[in-house]
Every structure is written in C-alpha cells, then in structure tokens.
>>> print(open('upload-v4.txt').read())   # compact mmCIF, C-alpha atoms and all ligand atoms
# COMPACT_ATOMS: atom_id res chain seq x y z
CA MET W 7 30.47 144.27 64.42
CA LYS W 8 26.94 144.52 65.78
CA VAL W 9 26.47 143.36 69.33
CA SER W 10 23.10 142.49 70.74
CA ASP W 11 22.18 143.75 74.19
CA ASN W 12 20.75 140.47 75.35
CA LEU W 13 24.02 138.58 75.74
CA VAL W 14 23.74 136.67 78.97
CA SER W 15 26.55 135.32 81.08
CA PHE W 16 27.77 131.73 80.75
CA SER W 17 25.96 129.38 83.13
CA GLU W 18 29.21 127.58 84.01
CA PRO W 19 32.48 129.43 84.56
CA ILE W 20 34.70 129.48 81.46
CA LEU W 21 38.21 128.99 82.80
CA VAL W 22 41.33 130.31 81.14
CA THR W 23 42.43 126.75 80.41
CA ARG W 24 41.41 123.12 80.87
CA PRO W 25 43.69 120.12 80.90
CA LEU W 26 43.73 117.87 77.85
CA LEU W 27 42.01 114.73 79.20
CA PRO W 28 42.12 111.70 76.91
CA PRO W 29 39.41 108.99 77.18
CA ILE W 30 39.84 107.36 80.59
CA GLU W 31 39.69 103.86 79.05
CA GLU W 32 43.00 104.48 77.30
CA PHE W 33 44.63 105.52 80.54
CA SER W 34 43.12 102.47 82.32
CA LEU W 35 44.75 100.18 79.75
CA LYS W 36 48.10 101.78 80.47
CA LEU W 37 47.56 101.40 84.21
CA SER W 38 46.83 97.69 83.69
CA GLU W 39 50.20 97.32 81.92
CA ILE W 40 51.92 99.00 84.87
CA TRP W 41 50.08 96.80 87.40
CA LYS W 42 51.05 93.67 85.49
CA LYS W 43 54.72 94.66 85.53
CA ALA W 44 54.53 95.85 89.15
CA TRP W 45 57.09 98.55 88.33
CA LEU W 46 56.10 102.07 89.36
CA THR W 47 59.13 104.30 88.74
CA ASN W 48 62.95 104.20 88.15
CA SER W 49 63.27 104.02 84.33
CA GLY W 50 60.34 101.68 83.76
CA ASP W 51 58.78 100.94 80.36
CA GLN W 52 56.43 103.94 80.32
CA LEU W 53 59.25 106.32 81.15
CA ARG W 54 61.50 104.82 78.48
CA ILE W 55 58.81 105.05 75.79
CA LEU W 56 57.80 108.58 76.77
CA ASN W 57 61.43 109.64 76.74
CA GLN W 58 61.73 108.30 73.17
CA ARG W 59 58.58 110.08 72.02
CA ILE W 60 59.74 113.38 73.50
CA GLN W 61 63.18 112.99 71.94
CA THR W 62 61.52 112.61 68.55
CA TYR W 63 58.89 115.32 69.03
CA LEU W 64 61.25 117.93 70.48
CA GLY W 65 64.20 116.92 68.31
CA SER W 66 66.80 116.31 71.01
CA PRO W 67 68.54 113.06 71.98
CA ASN W 68 69.22 114.26 75.54
CA VAL W 69 65.99 114.23 77.54
CA SER W 70 65.69 113.86 81.32
CA LEU W 71 62.13 113.40 82.60
CA LEU W 72 61.53 115.01 85.99
CA GLY W 73 58.87 115.53 88.65
CA ASN W 74 57.88 119.06 87.61
CA GLY W 75 59.06 122.09 85.66
CA THR W 76 60.28 124.01 88.70
CA LEU W 77 62.56 121.15 89.72
CA ALA W 78 63.77 121.00 86.13
CA LEU W 79 64.82 124.66 86.32
CA ILE W 80 66.45 124.23 89.73
CA MET W 81 68.38 121.17 88.52
CA ALA W 82 69.44 122.88 85.27
CA ILE W 83 71.01 125.67 87.29
CA LYS W 84 72.54 123.22 89.78
CA ALA W 85 74.09 121.11 87.02
CA LEU W 86 75.74 124.18 85.48
CA GLU W 87 77.36 125.00 88.88
CA LEU W 88 76.59 128.69 88.61
CA GLU W 89 77.56 131.38 91.12
CA GLY W 90 76.78 135.05 91.66
CA GLU W 91 74.23 136.74 89.41
CA VAL W 92 71.97 135.49 86.65
CA ILE W 93 70.18 137.87 84.31
CA THR W 94 66.51 137.06 83.83
CA THR W 95 63.13 138.55 82.99
CA PRO W 96 60.64 139.95 85.49
CA PHE W 97 57.76 139.02 83.12
CA THR W 98 57.43 135.36 84.02
CA PHE W 99 55.99 132.84 86.44
CA PRO W 100 57.49 132.91 89.99
CA ALA W 101 59.24 129.57 89.38
CA THR W 102 61.82 131.30 87.15
CA PRO W 103 63.46 133.64 89.70
CA HIS W 104 62.74 131.21 92.55
CA ALA W 105 64.83 128.53 90.81
CA LEU W 106 67.75 130.97 91.02
CA SER W 107 67.07 131.75 94.69
CA TRP W 108 66.94 128.03 95.58
CA ASN W 109 70.47 127.82 94.18
CA GLY W 110 71.70 130.78 96.23
CA LEU W 111 71.96 133.00 93.15
CA THR W 112 70.83 136.59 92.75
CA PRO W 113 68.36 137.27 89.95
CA VAL W 114 69.15 140.41 88.00
CA PHE W 115 66.07 141.61 86.16
CA ALA W 116 66.45 143.06 82.68
CA ASP W 117 63.67 144.71 80.69
CA ILE W 118 61.74 142.98 77.92
CA ASP W 119 61.16 143.60 74.25
CA PRO W 120 57.72 145.28 74.31
CA LEU W 121 56.54 143.38 71.22
CA ASN W 122 57.40 139.75 71.82
CA MET W 123 57.59 140.20 75.63
CA THR W 124 60.82 138.21 76.07
CA LEU W 125 64.22 139.49 77.30
CA ASP W 126 65.59 142.45 75.35
CA PRO W 127 69.15 141.42 74.37
CA ILE W 128 70.37 145.03 74.62
CA GLN W 129 69.15 145.29 78.20
CA VAL W 130 70.68 141.90 78.99
CA GLU W 131 74.12 142.96 77.79
CA ALA W 132 73.84 146.24 79.73
CA ALA W 133 73.11 144.30 82.94
CA ILE W 134 76.24 142.12 82.79
CA THR W 135 78.72 142.62 85.67
CA SER W 136 81.82 140.73 86.81
CA LYS W 137 79.50 138.55 88.93
CA THR W 138 77.24 137.46 86.05
CA THR W 139 77.49 133.76 85.21
CA ALA W 140 74.39 133.06 83.11
CA ILE W 141 71.33 134.34 81.28
CA LEU W 142 67.94 132.75 81.99
CA GLY W 143 65.40 133.59 79.25
CA VAL W 144 61.74 132.63 79.14
CA HIS W 145 59.88 131.81 75.90
CA VAL W 146 56.80 133.67 77.14
CA TYR W 147 53.52 132.22 75.78
CA GLY W 148 55.69 130.12 73.48
CA ASN W 149 57.14 133.21 71.75
CA PRO W 150 60.77 132.31 71.33
CA CYS W 151 63.33 134.57 72.98
CA HIS W 152 65.78 136.35 70.67
CA VAL W 153 67.74 133.12 70.78
CA GLU W 154 70.56 134.03 68.42
CA ALA W 155 71.22 137.48 69.88
CA LEU W 156 71.24 136.02 73.41
CA GLN W 157 73.64 133.26 72.33
CA THR W 158 76.01 135.83 70.79
CA ILE W 159 76.02 137.78 74.06
CA ALA W 160 76.48 134.63 76.15
CA THR W 161 79.40 133.48 74.00
CA ARG W 162 81.03 136.92 74.02
CA HIS W 163 80.90 137.13 77.83
CA HIS W 164 81.46 133.41 78.60
CA LEU W 165 78.03 133.00 80.16
CA LYS W 166 75.77 129.96 80.25
CA LEU W 167 72.41 130.32 78.50
CA ILE W 168 69.35 128.67 80.04
CA PHE W 169 65.81 128.76 78.74
CA ASP W 170 62.59 128.35 80.68
CA ALA W 171 60.66 126.58 77.91
CA ALA W 172 57.59 125.82 80.03
CA HIS W 173 55.34 127.42 77.38
CA ALA W 174 57.25 126.25 74.34
CA PHE W 175 56.45 122.56 73.81
CA GLY W 176 56.79 122.06 70.05
CA THR W 177 57.95 125.61 69.27
CA ARG W 178 60.36 125.86 66.34
CA VAL W 179 62.33 128.81 64.97
CA ASN W 180 63.13 128.63 61.24
CA GLY W 181 62.40 124.93 61.51
CA VAL W 182 64.87 124.45 64.37
CA PRO W 183 63.40 122.86 67.53
CA ILE W 184 63.47 125.28 70.45
CA ALA W 185 65.62 123.05 72.69
CA HIS W 186 68.53 123.31 70.25
CA PHE W 187 69.21 126.81 71.52
CA GLY W 188 71.24 127.60 74.62
CA ASP W 189 72.93 125.15 77.00
CA ILE W 190 69.78 123.75 78.49
CA SER W 191 65.97 124.13 78.29
CA ALA W 192 63.47 123.36 81.04
CA PHE W 193 59.96 122.22 80.12
CA SER W 194 56.90 121.93 82.35
CA PHE W 195 54.32 119.19 81.91
CA HIS W 196 51.90 120.68 84.45
CA ALA W 197 48.20 120.00 83.85
CA THR W 198 47.72 123.53 82.48
CA LYS W 199 50.38 123.10 79.83
CA LEU W 200 49.54 121.95 76.28
CA PHE W 201 51.36 118.64 76.77
CA HIS W 202 51.11 117.38 80.34
CA THR W 203 51.63 114.50 82.75
CA ALA W 204 49.43 116.09 85.50
CA GLU W 205 52.66 117.25 87.16
CA GLY W 206 55.95 116.77 85.37
CA GLY W 207 58.80 118.36 83.53
CA ALA W 208 61.92 117.73 81.50
CA LEU W 209 65.39 119.03 80.82
CA LEU W 210 66.74 118.98 77.29
CA THR W 211 70.31 119.85 76.43
CA PRO W 212 72.49 119.68 73.33
CA HIS W 213 75.39 118.50 75.58
CA SER W 214 75.31 114.76 76.33
CA GLU W 215 77.75 115.05 79.25
CA LEU W 216 75.40 117.58 80.86
CA LYS W 217 72.49 115.15 80.52
CA ALA W 218 74.53 112.45 82.30
CA LYS W 219 75.26 114.90 85.11
CA ILE W 220 71.58 115.84 85.41
CA ASP W 221 70.47 112.21 85.56
CA LYS W 222 72.94 111.55 88.36
CA LEU W 223 71.95 114.69 90.27
CA CYS W 224 68.26 113.84 90.02
CA ASN W 225 68.74 110.26 91.22
CA PHE W 226 70.50 110.71 94.60
CA GLY W 227 73.96 111.03 93.03
CA PHE W 228 74.16 107.41 91.81
CA ASN W 229 76.63 107.06 88.92
CA GLU W 230 76.48 104.43 86.13
CA LYS W 231 78.22 101.91 88.38
CA GLY W 232 75.54 102.39 91.04
CA GLU W 233 77.95 104.22 93.36
CA VAL W 234 77.09 107.51 95.01
CA ASP W 235 79.80 110.00 94.08
CA SER W 236 78.04 113.34 94.54
CA ILE W 237 75.20 115.02 96.41
CA GLY W 238 72.05 114.24 94.49
CA ILE W 239 68.37 114.58 95.14
CA ASN W 240 65.22 112.77 94.02
CA CYS W 241 63.19 114.51 91.33
CA LYS W 242 62.27 111.62 89.09
CA MET W 243 59.07 111.33 87.11
CA ASN W 244 57.15 108.09 87.81
CA GLU W 245 55.50 105.46 85.59
CA ILE W 246 51.95 106.71 86.18
CA GLN W 247 52.84 110.24 85.12
CA ALA W 248 54.68 108.87 82.07
CA ALA W 249 51.70 106.66 81.14
CA LEU W 250 49.38 109.68 81.26
CA GLY W 251 51.83 111.58 79.08
CA LEU W 252 51.84 108.78 76.50
CA VAL W 253 48.05 108.82 76.28
CA VAL W 254 47.99 112.63 76.09
CA PHE W 255 50.53 112.41 73.26
CA ASN W 256 47.95 110.61 71.09
CA TYR W 257 45.68 113.67 71.30
CA LEU W 258 48.32 116.36 71.00
CA GLN W 259 47.98 117.06 67.29
CA ALA W 260 44.18 117.22 67.52
CA GLU W 261 44.48 119.62 70.46
CA ARG W 262 46.90 121.82 68.53
CA ASP W 263 44.55 121.86 65.52
CA LYS W 264 41.58 122.85 67.67
CA ARG W 265 43.58 125.59 69.38
CA LYS W 266 44.70 126.86 65.99
CA SER W 267 41.11 127.34 64.85
CA ILE W 268 40.21 128.98 68.17
CA LEU W 269 43.15 131.37 67.75
CA THR W 270 42.00 132.27 64.23
CA CYS W 271 38.45 132.81 65.46
CA TYR W 272 39.62 135.17 68.24
CA GLN W 273 41.85 137.08 65.83
CA ASN W 274 39.07 137.48 63.26
CA CYS W 275 36.59 138.69 65.87
CA LEU W 276 38.96 141.06 67.66
CA GLN W 277 41.23 142.50 64.99
CA GLU W 278 39.20 145.62 64.20
CA ILE W 279 38.82 146.76 67.80
CA LYS W 280 40.61 149.98 68.64
CA GLY W 281 42.96 149.71 71.61
CA LEU W 282 43.14 145.95 71.50
CA SER W 283 46.08 144.05 70.03
CA PHE W 284 47.64 140.63 70.04
CA ILE W 285 51.04 139.21 69.22
CA GLU W 286 51.58 139.27 65.47
CA PRO W 287 52.18 135.70 64.30
CA ASN W 288 55.81 135.34 63.26
CA PRO W 289 55.94 133.36 59.98
CA LYS W 290 59.33 131.89 60.97
CA VAL W 291 57.93 130.38 64.16
CA VAL W 292 55.93 127.20 64.71
CA GLN W 293 53.74 128.09 67.67
CA SER W 294 53.09 126.07 70.80
CA TYR W 295 49.47 127.28 71.17
CA GLN W 296 49.94 127.56 74.92
CA TYR W 297 48.02 130.80 75.62
CA PHE W 298 46.02 133.48 73.85
CA PRO W 299 47.11 136.82 75.31
CA ILE W 300 45.62 140.13 74.23
CA ARG W 301 46.82 143.61 75.11
CA ILE W 302 44.51 146.39 76.12
CA ASN W 303 45.68 149.95 75.65
CA ALA W 304 43.43 151.71 78.17
CA LYS W 305 43.58 155.11 76.47
CA GLN W 306 42.50 153.80 73.09
CA PHE W 307 40.18 151.06 74.32
CA GLY W 308 38.38 153.27 76.82
CA LYS W 309 38.64 150.73 79.65
CA THR W 310 41.63 149.47 81.58
CA ARG W 311 42.76 145.85 81.46
CA ASP W 312 41.60 145.45 85.08
CA GLU W 313 38.14 146.80 84.22
CA VAL W 314 37.86 144.29 81.37
CA PHE W 315 39.10 141.47 83.64
CA GLU W 316 36.48 142.32 86.30
CA ALA W 317 33.67 142.79 83.78
CA LEU W 318 34.40 139.44 82.12
CA LYS W 319 34.20 137.79 85.54
CA LYS W 320 30.64 139.06 85.88
CA TYR W 321 29.80 137.12 82.72
CA ASN W 322 31.45 134.02 84.24
CA ILE W 323 34.55 134.31 82.03
CA MET W 324 37.71 133.76 84.04
CA SER W 325 40.50 135.41 82.08
CA ARG W 326 43.94 135.72 83.69
CA ARG W 327 46.27 138.65 84.21
CA TYR W 328 49.23 136.53 83.29
CA PHE W 329 51.89 137.76 84.29
CA TYR W 330 50.84 140.33 86.82
CA PRO W 331 52.33 141.52 89.07
CA LEU W 332 55.89 141.24 87.77
CA CYS W 333 58.29 138.95 89.67
CA SER W 334 60.39 142.04 90.44
CA GLU W 335 57.46 143.29 92.57
CA TYR W 336 57.35 140.25 94.87
CA PRO W 337 58.47 141.20 98.40
CA HIS W 338 61.44 138.85 98.15
CA TYR W 339 62.84 140.63 95.06
CA SER W 340 61.53 144.20 95.13
CA HIS W 341 64.52 145.47 97.14
CA LEU W 342 66.99 144.46 94.40
CA PRO W 343 68.51 147.39 92.45
CA SER W 344 67.49 145.66 89.20
CA ALA W 345 63.85 145.53 90.38
CA ASP W 346 63.53 149.33 90.26
CA PRO W 347 60.47 150.02 88.05
CA LYS W 348 62.36 152.84 86.33
CA ARG W 349 64.70 150.21 84.85
CA LEU W 350 61.83 148.01 83.64
CA PRO W 351 59.45 150.35 81.80
CA HIS W 352 58.38 147.88 79.09
CA ALA W 353 57.80 145.04 81.53
CA HIS W 354 55.64 147.31 83.69
CA GLN W 355 53.61 148.52 80.74
CA VAL W 356 53.04 145.00 79.37
CA ALA W 357 52.07 143.69 82.83
CA GLN W 358 49.39 146.42 82.99
CA GLU W 359 47.99 145.64 79.54
CA VAL W 360 48.07 141.91 79.07
CA LEU W 361 45.12 139.57 79.53
CA CYS W 362 45.01 135.85 78.70
CA LEU W 363 41.63 134.79 77.33
CA PRO W 364 40.16 131.27 77.69
CA PHE W 365 42.11 128.97 75.38
CA TYR W 366 41.77 125.18 75.22
CA GLY W 367 40.73 122.63 72.62
CA ASN W 368 37.26 121.94 73.97
CA LEU W 369 36.28 125.60 73.98
CA SER W 370 33.60 125.92 71.29
CA LEU W 371 33.95 128.52 68.54
CA LYS W 372 30.52 129.75 69.56
CA ALA W 373 31.84 130.43 73.07
CA VAL W 374 34.84 132.23 71.57
CA GLN W 375 32.50 134.47 69.54
CA THR W 376 30.42 135.20 72.62
CA ILE W 377 33.55 136.13 74.60
CA CYS W 378 34.57 138.50 71.79
CA HIS W 379 31.10 140.07 71.64
CA LEU W 380 31.17 140.58 75.39
CA ILE W 381 34.55 142.31 75.13
CA ILE W 382 33.03 144.70 72.57
CA LYS W 383 30.03 145.21 74.84
CA ILE W 384 32.33 145.98 77.78
CA LYS W 385 34.21 148.49 75.63
CA ASN W 386 30.98 150.31 74.81
CA GLN W 387 29.55 150.21 78.33
CA GLY W 388 28.90 153.64 79.87
CA LYS W 389 29.30 155.43 76.57
C1 LIG N 1 54.33 126.38 84.52
C2 LIG N 1 55.58 127.19 84.54
C3 LIG N 1 56.71 126.83 85.31
C4 LIG N 1 56.67 125.79 86.37
O1 LIG N 1 56.36 124.54 85.99
P1 LIG N 1 55.74 123.50 87.04
O2 LIG N 1 55.74 122.23 86.25
O3 LIG N 1 54.35 123.96 87.39
O4 LIG N 1 56.64 123.44 88.22
C5 LIG N 1 57.88 127.56 85.15
N1 LIG N 1 57.95 128.61 84.32
C6 LIG N 1 56.89 129.00 83.59
C7 LIG N 1 57.05 130.18 82.67
C8 LIG N 1 55.66 128.33 83.70
O5 LIG N 1 54.60 128.78 83.02
>>> encode(input="upload-v4.txt", output="structure tokens")
Amino acid sequence: MKVSDNLVSFSEPILVTRPLLPPIEEFSLKLSEIWKKAWLTNSGDQLRILNQRIQTYLGSPNVSLLGNGTLALIMAIKALELEGEVITTPFTFPATPHALSWNGLTPVFADIDPLNMTLDPIQVEAAITSKTTAILGVHVYGNPCHVEALQTIATRHHLKLIFDAAHAFGTRVNGVPIAHFGDISAFSFHATKLFHTAEGGALLTPHSELKAKIDKLCNFGFNEKGEVDSIGINCKMNEIQAALGLVVFNYLQAERDKRKSILTCYQNCLQEIKGLSFIEPNPKVVQSYQYFPIRINAKQFGKTRDEVFEALKKYNIMSRRYFYPLCSEYPHYSHLPSADPKRLPHAHQVAQEVLCLPFYGNLSLKAVQTICHLIIKIKNQGK
C-alpha cells in the first residue's frame, strides 16, 4: 500500500469508542411516558419491557436487570455462596477480580490461551486446589471462552462456572446464545458497551431458582410475600435507564452492521502488514462487535505497541492498551503466588502486544483508512 507523506492529524480526537446515542426525540417520548405514570423504578413498565426484549435477544428466560455490570458480577458470586478461591484470568477489566475481593474470595490467576486471549482450560485445571469453589471466565472482546472445556472441568471438580460477559452481548457459539453456558453470566450495559443503558447490567442464568435468589438479594432481601428473610442490598436498574435501553435497542442492528463494515475495512487495510495481526474470525461464532483489537509483534513490526500507541496520539487518535497492565500486576493482587509473571507468560505477552483501535458505528470508513495509513506510516518512520 502506498502512503502519502502529507497525512495530517485529525482535527478532533478520535476516541476508541463512542456511545450509541439514538435521536433524543425518541428518548424524550419515553421520558414523557414515565412522567405520565409517575413511576421511576421497582419493576415499572420500561423495566418489564426491556427485560422481555433482553430475554428474547439473549435467548434466556431468566434475566435480572441491575445497576451496573460490576454489581452484577458481585451479586452473581454472592448468590452462589462461594468460599475460598476462584480461578480467573488476569487479562480483564479490574471489575472481574474486584468482584471476588468484595465477596472475601481470593482470585487465583491462570494463564490465557494466546490466540483467543481467554482462560486456558489446561491452566485452569492445573490451578485447582482443595479451596477452589468456582471458575470465573471472561469472554474477552466478545471472544467466547472455551465454554465446553471449562464446563467439563467444572463438572468434574464440582465447581461453579461464572462468566463475565460484559463484552459478549449477542455472542453465539454454534448458534447457542452465550448465556446458556455456565451457571451464570454477567453483562454490562455501560455507555462504552455495544448495548447500553448509560450505566447498567444484567445477570442471566439457566437456573430459575438462582434468578429468584438474585432478585431477592438485589432488592433488600424481600421475598415474594414482601417479607425480608435474608440480607439483601439495592442494585436495581431504574425506569430511566431501562427507557434509554429500549431506545438504544431500536438502533442495535444498524450499529452492528456499521461495525461489521468497519471491521472488514480495518482487516482489508491491515492484513498485509508484517508484525501486525488480529483475531481470526471464528466461523462458529456470532460476534458481538465490541472492540477491534490488533496485536503488534515489536520484532517483526519494527516498533513496539507502546511506540505505536504514543505515535497515534500525536495524530489525535486515542487507541487503548486494553488490557494493560494485567490485573495480576495491581498492587492489591501482585503479592499472590498465582500473580507471579513466570506463571502467566501468555497473558504478559498479549498485554504487551495488544492495542484496541477506534471502533464505533459513526466512525467513517474514510477515517478507518486514514488510521490504517497512519499505522503504516508509523511503521516506516525512522527507516
Ligand atoms: C465494562 C466491564 C465490566 C464492568 O461493567 P460496569 O457496567 O462498567 O460496572 C466488567 N468486566 C468487563 C470485562 C468489562 O469490560
């Protein structure tokens, strides 16, 4: 590919993502409905309708809508009444191990599969001790974990299997919706996620009795009779969040289509570049189009990931080193035996190489091409 020397930087910063914002008039109409009813939370109309839509879209009858994705994870763990150690990945957002810590559990980090960047089942099984009670996998960038292998291990060792599905809204494996796997899946509806309610989240489980327990836990411990029979908390979603979600839902397919063409454009522009790779699309997987990560092999590319990250910034392109550093490097976790870098070689290598490029529906294909040309220019700088 020929690259001209006169590429100038973007006049406005290009951020790594932008929230899907539907026309404000549609949201205003929804707000008027809420005002008329004068009902702002506690299983109102908007919450009931959104719950239905999510049940249909994610293919699970057991949906609990919550205040955010971190609370969803914390409540998933709480509802399963876990103790001791939980095996998880260091290559994730801090919310994942923190949800364990908030429940008084010890995260045990296991290394990742270097290709799809999710937990390596072999490393998971090797990390099991007499104190292990669960496995907490993360569908990183919407790449599904090795769901069947993890389930086999969980069953064999009588462990619960939890998934952080914050990136996996709409992901399917062999046609099966992602929330069918494991005991429980936590979704985030944060503004930066493909589907969002500004802040929000959900728990989905195949077990209806577990859903009932979650709903009670998340609403102060009130049971169906309106009596308080356990220690609950408040982590409900409200009507305004749900209304936003319903309006966002109307634009979800269009957003996915736009992201799909952006992804194709990036892949076409970048595929011939030595030292640069991206996750091979798995034909068995319906993607969530949450992020577009690339990997930069410094030796072959001629520049490190950090050099590319800094150089892009100079052109007003705000890529993200997502996830870097690893959770096992945070001061709160780095003392753990499982956080020893020698035990996590793949996670450390991936965290040094990965870079998420700007990826959102309103990003023009022209901007995508410019970003790609600048990456090539950066590669050739100083040669
Ligand atoms: C966004 C995210 C969360 C947290 O979700 P919030 O809704 O922001 O609390 C948890 N895990 C992962 C992997 C995430 O990306």
>>> atom_distance(input="upload-v4.txt", atom1="atom CA of Pro103 of chain W", atom2="atom CA of Gly148 of chain W")
18.3 Å
>>> atom_distance(input="upload-v4.txt", atom1="atom CA of Val179 of chain W", atom2="atom CA of Pro150 of chain W")
7.4 Å
>>> residues_around(input="upload-v4.txt", residues="Gly143 of chain W", least_positions_apart="6", cutoff="9 Å", atoms="all atoms listed in the file", output="list in words")
Ile93, Thr94, Thr95, Thr102, Thr124, Leu125, Cys151, Val153, Leu156, Leu167, Ile168, Phe169, Asp170 and Ala171 of chain W
>>> residues_near_ligand(input="upload-v4.txt", ligand="ligand LIG 1 (chain N)", cutoff="7 Å", atoms="all atoms listed in the file", output="VMD selection string")
chain W and resid 74 to 77 98 to 99 101 to 102 144 146 170 to 173 194 to 196 199 205 to 207
>>> residues_near_point(input="upload-v4.txt", point="(58.8, 144.6, 91.9)", cutoff="10 Å", atoms="only C-alpha atoms", output="MDAnalysis selection string")
chainID W and resid 96 115 331:342 344:347 350 354
>>> atom_distance(input="upload-v4.txt", atom1="atom CA of Ala105 of chain W", atom2="atom CA of Ile80 of chain W")
4.7 Å
>>> residues_around(input="upload-v4.txt", residues="Leu250 of chain W", least_positions_apart="2", cutoff="9 Å", atoms="all atoms listed in the file", output="PyMOL selection string")
chain W and resi 28+33+36-37+202-204+245-248+252-255
>>> closest_residue(input="upload-v4.txt", among="W:Ser294, W:Ser49, W:Asn274, W:Asn229", to="Arg178 of chain W", atoms="all atoms listed in the file")
W:Ser294
>>> closest_residue(input="upload-v4.txt", among="W:Ile377, W:Ala304, W:Ile279, W:Ile60", to="Gln358 of chain W", atoms="only C-alpha atoms")
W:Ala304
>>> decode(input="upload-v4.txt", residues="segment 47-70 of chain W", atoms="N, CA and C atoms", output="compact mmCIF listing (two decimals), in the first residue's frame")
# COMPACT_ATOMS: atom_id res chain seq x y z
N THR W 47 -39.01 3.50 39.23
CA THR W 47 -38.15 2.31 39.38
C THR W 47 -39.01 1.14 39.84
N ASN W 48 -38.44 0.13 40.52
CA ASN W 48 -39.21 -1.00 41.06
C ASN W 48 -40.17 -1.65 40.06
N SER W 49 -39.60 -2.45 39.16
CA SER W 49 -40.36 -3.19 38.12
C SER W 49 -41.48 -2.40 37.46
N GLY W 50 -41.14 -1.22 36.98
CA GLY W 50 -42.08 -0.42 36.18
C GLY W 50 -42.20 -0.96 34.76
N ASP W 51 -43.00 -0.27 33.95
CA ASP W 51 -43.27 -0.71 32.57
C ASP W 51 -41.99 -0.83 31.74
N GLN W 52 -41.14 0.20 31.82
CA GLN W 52 -39.93 0.20 30.97
C GLN W 52 -39.05 -0.99 31.32
N LEU W 53 -38.91 -1.24 32.61
CA LEU W 53 -38.08 -2.36 33.06
C LEU W 53 -38.67 -3.69 32.59
N ARG W 54 -40.00 -3.80 32.68
CA ARG W 54 -40.62 -5.06 32.26
C ARG W 54 -40.43 -5.29 30.76
N ILE W 55 -40.62 -4.23 29.97
CA ILE W 55 -40.48 -4.39 28.51
C ILE W 55 -39.02 -4.67 28.14
N LEU W 56 -38.10 -3.94 28.77
CA LEU W 56 -36.69 -4.18 28.46
C LEU W 56 -36.29 -5.61 28.84
N ASN W 57 -36.79 -6.06 29.98
CA ASN W 57 -36.47 -7.42 30.41
C ASN W 57 -36.93 -8.43 29.35
N GLN W 58 -38.14 -8.22 28.82
CA GLN W 58 -38.66 -9.09 27.75
C GLN W 58 -37.77 -9.07 26.53
N ARG W 59 -37.38 -7.87 26.12
CA ARG W 59 -36.58 -7.74 24.89
C ARG W 59 -35.23 -8.43 25.07
N ILE W 60 -34.65 -8.29 26.26
CA ILE W 60 -33.35 -8.93 26.50
C ILE W 60 -33.49 -10.44 26.58
N GLN W 61 -34.57 -10.90 27.17
CA GLN W 61 -34.83 -12.35 27.20
C GLN W 61 -34.84 -12.90 25.77
N THR W 62 -35.54 -12.20 24.89
CA THR W 62 -35.65 -12.67 23.51
C THR W 62 -34.30 -12.58 22.80
N TYR W 63 -33.65 -11.41 22.94
CA TYR W 63 -32.40 -11.17 22.20
C TYR W 63 -31.28 -12.11 22.67
N LEU W 64 -31.19 -12.30 23.99
CA LEU W 64 -30.09 -13.12 24.52
C LEU W 64 -30.51 -14.56 24.76
N GLY W 65 -31.76 -14.89 24.44
CA GLY W 65 -32.20 -16.28 24.48
C GLY W 65 -32.19 -16.91 25.85
N SER W 66 -32.61 -16.16 26.88
CA SER W 66 -32.68 -16.75 28.22
C SER W 66 -33.92 -16.22 28.93
N PRO W 67 -34.69 -17.09 29.58
CA PRO W 67 -35.90 -16.61 30.26
C PRO W 67 -35.59 -15.97 31.61
N ASN W 68 -34.38 -16.14 32.11
CA ASN W 68 -34.06 -15.68 33.47
C ASN W 68 -33.12 -14.49 33.45
N VAL W 69 -33.70 -13.30 33.37
CA VAL W 69 -32.91 -12.06 33.28
C VAL W 69 -33.20 -11.20 34.50
N SER W 70 -32.14 -10.74 35.17
CA SER W 70 -32.29 -9.75 36.24
C SER W 70 -31.55 -8.49 35.80
